[in-house]
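**Q** My structure file input.txt, compact mmCIF, C-alpha atoms, is below:
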# COMPACT_ATOMS: atom_id res chain seq x y z
CA ALA I 331 0.00 0.00 0.00
CA SER I 332 1.14 3.56 -0.63
CA TRP I 333 1.99 5.92 2.22
CA ILE I 334 -1.19 7.89 1.50
CA SER I 335 -3.39 4.78 1.68
CA TRP I 336 -1.65 3.72 4.88
CA PHE I 337 -2.03 7.15 6.47
CA THR I 338 -5.74 7.52 5.68
CA SER I 339 -6.49 3.99 6.90
CA ILE I 340 -5.04 4.60 10.37
CA ARG I 341 -7.65 4.39 13.12
CA GLY I 342 -8.51 7.98 13.97
CA HIS I 343 -7.86 9.28 10.44
CA GLU I 344 -11.35 8.56 9.12
CA PHE I 345 -11.89 12.26 8.43
CA PHE I 346 -9.14 12.30 5.78
CA CYS I 347 -9.61 11.38 2.14
CA GLU I 348 -6.85 10.19 -0.19
CA VAL I 349 -5.21 13.08 -2.02
CA ASP I 350 -4.41 12.26 -5.66
CA GLU I 351 -0.69 11.86 -6.22
CA ASP I 352 -0.78 13.93 -9.39
CA TYR I 353 -2.18 16.80 -7.33
CA ILE I 354 0.75 16.52 -4.91
CA GLN I 355 3.27 16.29 -7.73
CA ASP I 356 2.13 19.66 -9.12
CA ASP I 357 4.40 22.23 -7.45
CA PHE I 358 1.81 24.95 -7.96
CA ASN I 359 -0.54 23.22 -5.51
CA LEU I 360 2.16 23.20 -2.82
CA THR I 361 3.09 26.88 -3.06
CA GLY I 362 4.10 28.29 0.32
CA LEU I 363 4.19 24.98 2.18
CA ARG I 364 7.98 24.62 2.14
CA ALA I 365 8.28 27.50 4.61
CA MET I 366 5.66 25.97 6.90
CA VAL I 367 6.98 22.40 7.19
CA PRO I 368 10.48 21.44 8.41
CA HIS I 369 12.36 18.79 6.42
CA TYR I 370 9.98 19.52 3.55
CA ASP I 371 11.81 17.54 0.83
CA TYR I 372 12.17 14.42 2.96
CA ALA I 373 8.53 14.65 4.03
CA LEU I 374 7.33 15.06 0.44
CA ASP I 375 9.41 12.10 -0.74
CA LEU I 376 7.92 9.97 2.04
CA ILE I 377 4.37 10.91 1.05
CA LEU I 378 5.08 10.07 -2.61
CA ASP I 379 6.89 6.82 -1.72
CA VAL I 380 10.18 8.04 -3.18
CA GLU I 381 13.15 5.95 -2.05
CA LEU I 382 15.65 8.02 -0.05
CA GLU I 383 19.26 7.98 -1.19
CA GLU I 384 20.54 8.07 2.38
CA VAL I 385 19.74 5.91 5.37
CA LEU I 386 18.08 7.79 8.24
CA THR I 387 18.48 6.96 11.89
CA ASP I 388 15.38 6.00 13.87
CA GLU I 389 15.27 9.49 15.38
CA GLN I 390 15.56 11.15 11.97
CA GLN I 391 12.89 8.83 10.58
CA ASP I 392 10.48 9.82 13.35
CA ILE I 393 11.09 13.51 12.64
CA VAL I 394 10.47 13.03 8.92
CA GLU I 395 7.31 11.01 9.53
CA SER I 396 5.97 13.75 11.83
CA ALA I 397 6.75 16.37 9.18
CA ALA I 398 5.06 14.23 6.52
CA GLU I 399 1.85 14.07 8.55
CA VAL I 400 1.77 17.86 8.86
CA LEU I 401 2.59 18.35 5.17
CA TYR I 402 -0.08 15.89 4.09
CA GLY I 403 -2.62 17.60 6.33
CA LEU I 404 -1.91 21.00 4.79
CA ILE I 405 -2.05 19.56 1.27
CA HIS I 406 -5.30 17.83 2.22
CA ALA I 407 -6.86 21.16 3.27
CA ARG I 408 -6.20 22.50 -0.23
CA PHE I 409 -7.18 19.36 -2.10
CA ILE I 410 -10.64 19.08 -0.52
CA LEU I 411 -11.52 22.46 -2.04
CA THR I 412 -11.02 21.11 -5.56
CA SER I 413 -13.74 19.33 -7.52
CA ARG I 414 -12.09 15.94 -7.00
CA GLY I 415 -11.53 16.59 -3.32
CA LEU I 416 -15.09 17.77 -2.77
CA ALA I 417 -16.42 14.67 -4.53
CA ALA I 418 -14.29 12.42 -2.31
CA MET I 419 -15.46 14.17 0.85
CA MET I 420 -19.09 14.14 -0.31
CA GLU I 421 -18.88 10.37 -0.52
CA LYS I 422 -17.64 10.24 3.07
CA PHE I 423 -20.44 12.64 4.05
CA HIS I 424 -22.98 10.23 2.54
CA GLN I 425 -21.45 7.38 4.53
CA VAL I 426 -21.60 9.49 7.72
CA ASP I 427 -17.86 8.99 8.25
CA PHE I 428 -17.70 12.33 10.06
CA GLY I 429 -20.44 11.44 12.54
CA ARG I 430 -23.78 13.01 13.41
CA CYS I 431 -24.81 16.18 15.20
CA PRO I 432 -25.13 15.61 18.96
CA ARG I 433 -27.96 18.14 19.19
CA ALA I 434 -31.30 16.41 19.79
CA PHE I 435 -33.35 18.70 17.54
CA CYS I 436 -31.07 18.00 14.56
CA HIS I 437 -32.29 14.38 14.57
CA GLY I 438 -28.97 12.76 13.70
CA GLN I 439 -27.98 15.13 10.90
CA ALA I 440 -24.66 14.13 9.29
CA VAL I 441 -21.86 16.61 9.98
CA LEU I 442 -18.70 17.83 8.26
CA PRO I 443 -15.21 18.52 9.64
CA VAL I 444 -14.15 22.15 9.94
CA GLY I 445 -11.24 24.15 11.30
CA GLN I 446 -11.55 27.30 13.36
CA SER I 447 -8.33 28.57 11.79
CA ASP I 448 -6.26 27.94 8.67
CA VAL I 449 -3.07 28.25 10.72
CA PRO I 450 -1.63 24.90 11.91
CA ARG I 451 -1.40 24.11 15.63
CA THR I 452 -4.03 26.70 16.53
CA TYR I 453 -7.24 24.70 17.04
CA THR I 454 -8.19 21.06 16.83
CA VAL I 455 -10.79 19.91 14.31
CA LYS I 456 -14.48 20.48 15.04
CA ILE I 457 -17.61 19.14 13.35
CA PHE I 458 -20.06 21.49 11.64
CA CYS I 459 -23.78 20.73 11.50
CA PRO I 460 -25.49 22.11 8.40
CA SER I 461 -28.86 21.93 10.15
CA CYS I 462 -28.24 24.02 13.28
CA ARG I 463 -25.20 25.81 11.79
CA ASP I 464 -23.13 25.25 14.93
CA ILE I 465 -19.84 23.48 15.63
CA PHE I 466 -19.09 20.77 18.18
CA HIS I 467 -16.22 18.63 19.38
CA PRO I 468 -15.98 15.28 17.56
CA ARG I 469 -17.84 12.51 19.37
CA LEU I 470 -14.95 10.04 19.27
CA SER I 471 -11.85 10.86 21.29
CA ARG I 472 -9.54 9.50 18.58
CA HIS I 473 -10.56 12.40 16.33
CA ALA I 474 -10.04 15.07 19.01
CA PRO I 475 -6.26 15.65 18.49
CA ILE I 476 -6.51 16.24 14.71
CA ASP I 477 -5.39 19.71 13.64
CA GLY I 478 -8.30 21.79 12.38
CA ALA I 479 -6.05 23.44 9.76
CA PHE I 480 -5.96 20.08 7.91
CA PHE I 481 -9.58 20.85 6.88
CA GLY I 482 -9.63 24.64 7.07
CA THR I 483 -12.38 27.14 7.67
CA THR I 484 -13.85 27.03 4.14
CA PHE I 485 -14.38 23.34 3.37
CA PRO I 486 -17.88 22.49 4.71
CA HIS I 487 -19.40 25.68 3.33
CA MET I 488 -17.75 25.18 -0.05
CA LEU I 489 -19.07 21.62 -0.22
CA LEU I 490 -22.65 22.66 0.56
CA GLN I 491 -22.45 25.47 -1.99
CA THR I 492 -21.19 23.00 -4.58
CA TYR I 493 -23.88 20.44 -3.72
CA PRO I 494 -26.81 22.66 -2.62
CA GLU I 495 -29.26 19.78 -2.96
CA TYR I 496 -27.71 18.24 0.17
CA MET I 497 -28.21 21.34 2.32
CA PRO I 498 -30.79 20.39 4.99
CA ALA I 499 -33.47 22.71 6.31
CA ILE I 500 -32.11 24.97 9.05
CA THR I 501 -33.32 23.90 12.48
CA THR I 502 -34.80 26.73 14.53
CA THR I 503 -36.38 24.62 17.28
CA LYS I 504 -34.85 25.22 20.68
CA TYR I 505 -35.33 23.44 23.97
CA THR I 506 -37.63 25.28 26.42
CA PRO I 507 -36.86 24.73 30.14
CA ARG I 508 -39.97 24.07 32.24
CA ILE I 509 -40.80 23.44 35.89
CA PHE I 510 -44.00 21.45 36.46
CA GLY I 511 -44.98 22.28 32.88
CA PHE I 512 -44.51 26.04 33.20
CA LYS I 513 -41.90 27.95 31.21
CA ILE I 514 -39.14 29.50 33.27
CA HIS I 515 -39.11 33.28 32.91
CA THR I 516 -35.95 34.76 31.43
CA THR I 517 -35.34 36.76 34.63
CA ALA I 518 -35.91 33.78 36.96
CA HIS I 519 -32.22 32.97 37.32
CA GLU I 520 -31.31 36.56 38.15
CA ALA I 521 -34.17 36.77 40.66
CA SER I 522 -33.11 33.51 42.33
CA LEU I 523 -29.48 34.64 42.46
CA ARG I 524 -30.46 38.02 43.90
CA ALA I 525 -32.69 36.40 46.53
CA LYS I 526 -29.89 34.02 47.52
CA GLN I 527 -27.42 36.88 47.83
CA GLU I 528 -29.88 38.91 49.92
CA ALA I 529 -30.50 35.91 52.21
CA LYS I 530 -26.74 35.44 52.58
CA GLN I 531 -26.30 39.12 53.42
CA TYR I 532 -29.17 38.93 55.94
CA ARG I 533 -27.60 35.91 57.68
CA LYS I 534 -24.26 37.71 57.78
CA GLN I 535 -25.82 40.81 59.36
CA ALA I 536 -27.75 38.67 61.86
CA MET I 537 -24.54 36.88 62.84
CA VAL I 538 -22.74 40.21 63.34
CA GLN I 539 -25.60 41.50 65.48
CA GLN I 540 -25.57 38.29 67.53
CA GLN I 541 -21.83 38.60 68.09
CA GLN I 542 -22.22 42.24 69.12
CA GLN I 543 -25.00 41.32 71.53
CA GLN I 544 -22.87 38.54 73.06
CA GLN I 545 -19.98 40.96 73.48
CA GLN I 546 -22.28 43.48 75.21
CA GLU I 547 -23.62 40.77 77.53
CA GLN I 548 -20.08 39.67 78.38
CA GLN I 549 -19.09 43.27 79.14
CA GLN I 550 -22.14 43.71 81.36
CA GLN I 551 -21.37 40.49 83.21
CA ALA I 552 -17.78 41.62 83.71
CA GLN I 553 -18.92 44.99 85.06
CA GLN I 554 -21.37 43.33 87.45
CA ALA I 555 -18.64 40.98 88.68
CA GLN I 556 -16.34 43.96 89.39
CA GLN I 557 -19.07 45.77 91.29
CA GLN I 558 -19.75 42.68 93.42
CA ARG I 559 -16.05 42.37 94.30
CA ARG I 560 -16.03 45.97 95.49
Rewrite the structure of this file - the entire thing - as structure tokens.

**A**
Amino acid sequence: ASWISWFTSIRGHEFFCEVDEDYIQDDFNLTGLRAMVPHYDYALDLILDVELEEVLTDEQQDIVESAAEVLYGLIHARFILTSRGLAAMMEKFHQVDFGRCPRAFCHGQAVLPVGQSDVPRTYTVKIFCPSCRDIFHPRLSRHAPIDGAFFGTTFPHMLLQTYPEYMPAITTTKYTPRIFGFKIHTTAHEASLRAKQEAKQYRKQAMVQQQQQQQQEQQQQAQQAQQQRR
């Protein structure tokens, strides 16, 4: 199997699609990535299964493999905005490879991966629900560490613009809190908090008054004792 097939088949990498090798081999598509990824040439050769002329130590191999993962992720973010990339990700969307929205009123709507930034090592990947238009953490912990920049901020919206027939109706239904069937007023929390603070202040004042009264009683008892001794 190629490095790309191996990488995308790793448990936890279900969000990734396979980037076409001819896309990676086009230098124009990789513009600007050399400055962002250390050991760029070694990493690119590893991704394209090019045999290295020199033998790397285990430590060097680990460094190159780490760089290759970052480089592939950044290439992936660009590829999934192309027609071929969008088609590949749409297939995964159909198969619900990205999971479903955890919000009850979205009724299991399939989601799409999205980044909160296009800059690597800024945010981890989130899932975007086209129904409620909100983002959430991935349900499975193995997807949590993935860099959000490997999908970017544009992808899910580009896909739904390209395939508008798959855009679901926007969900406007919201949960309404109730107590014994009655809606909770919007000011109820503030009123409860204010009442609790007032009760706390009242208890504090009562305690101070009690302490003052005890001190006065003690002083009176001391004065009476002195008068008796005289």

**Q** Any idea what the distance is between CA of His343 (chain I) and CA of Ile476 (chain I)?

**A**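 CA of Ile476 (chain I) lies at a distance of 8.3 Å from CA of His343 (chain I).
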
**Q** When you count all atoms listed in the file, which of these residues is closest to Phe409 (chain I): I:Phe466, I:Glu383, I:Cys436, I:Asp350?

**A**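 Smallest separation from Phe409 (chain I) among the options: I:Asp350.
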
**Q** Just want the 8 Å neighbourhood of Ala474 (chain I), counted on all atoms listed in the file, with same-chain residues fewer than 3 positions away dropped. Output as an MDAnalysis selection string.

**A** chainID I and resid 454:455 467:468 470:471

**Q** State, in Å with one decimal place, the distance from CA of Ala407 (chain I) to CA of Ala499 (chain I).

**A**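 Calculated distance between CA of Ala407 (chain I) and CA of Ala499 (chain I) is 26.8 Å.
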
**Q** As a list of chain:residue names, please: the residues near Ala373 (chain I) (cut-off 7 Å, only C-alpha atoms, same-chain neighbours under 5 positions excluded).

**A**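 Using only C-alpha atoms, the neighbours found are I:Val394, I:Glu395, I:Ala397, I:Ala398.
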
**Q** Hey, can you check how far CA of Lys504 (chain I) sits from CA of Cys431 (chain I)?

**A**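 Atom-to-atom, CA of Lys504 (chain I) to CA of Cys431 (chain I), that is 14.6 Å.
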
**Q** (-6.7, 24.8, 8.0) in this file's frame - what residues fall within 12 Å of it? Use all atoms listed in the file and give the answer as a PyMOL selection string.

**A** chain I and resi 400-411+443-456+476-486

**Q** What box, with edges along x, y and z, holds each listed atom of region 333-343 of chain I when 8 Å is added on every side, and can you state its centre and edge lengths in Å to one decimal, as lines of an AutoDock Vina configuration file?

**A**
center_x = -3.3
center_y = 6.5
center_z = 7.7
size_x = 26.5
size_y = 21.6
size_z = 28.5

**Q** Pick from I:Gln390, I:Gln549, I:Ser396, I:Thr412: nearest to Thr492 (chain I), with all atoms listed in the file counted?

**A**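 The answer is I:Thr412, which sits nearest to Thr492 (chain I).
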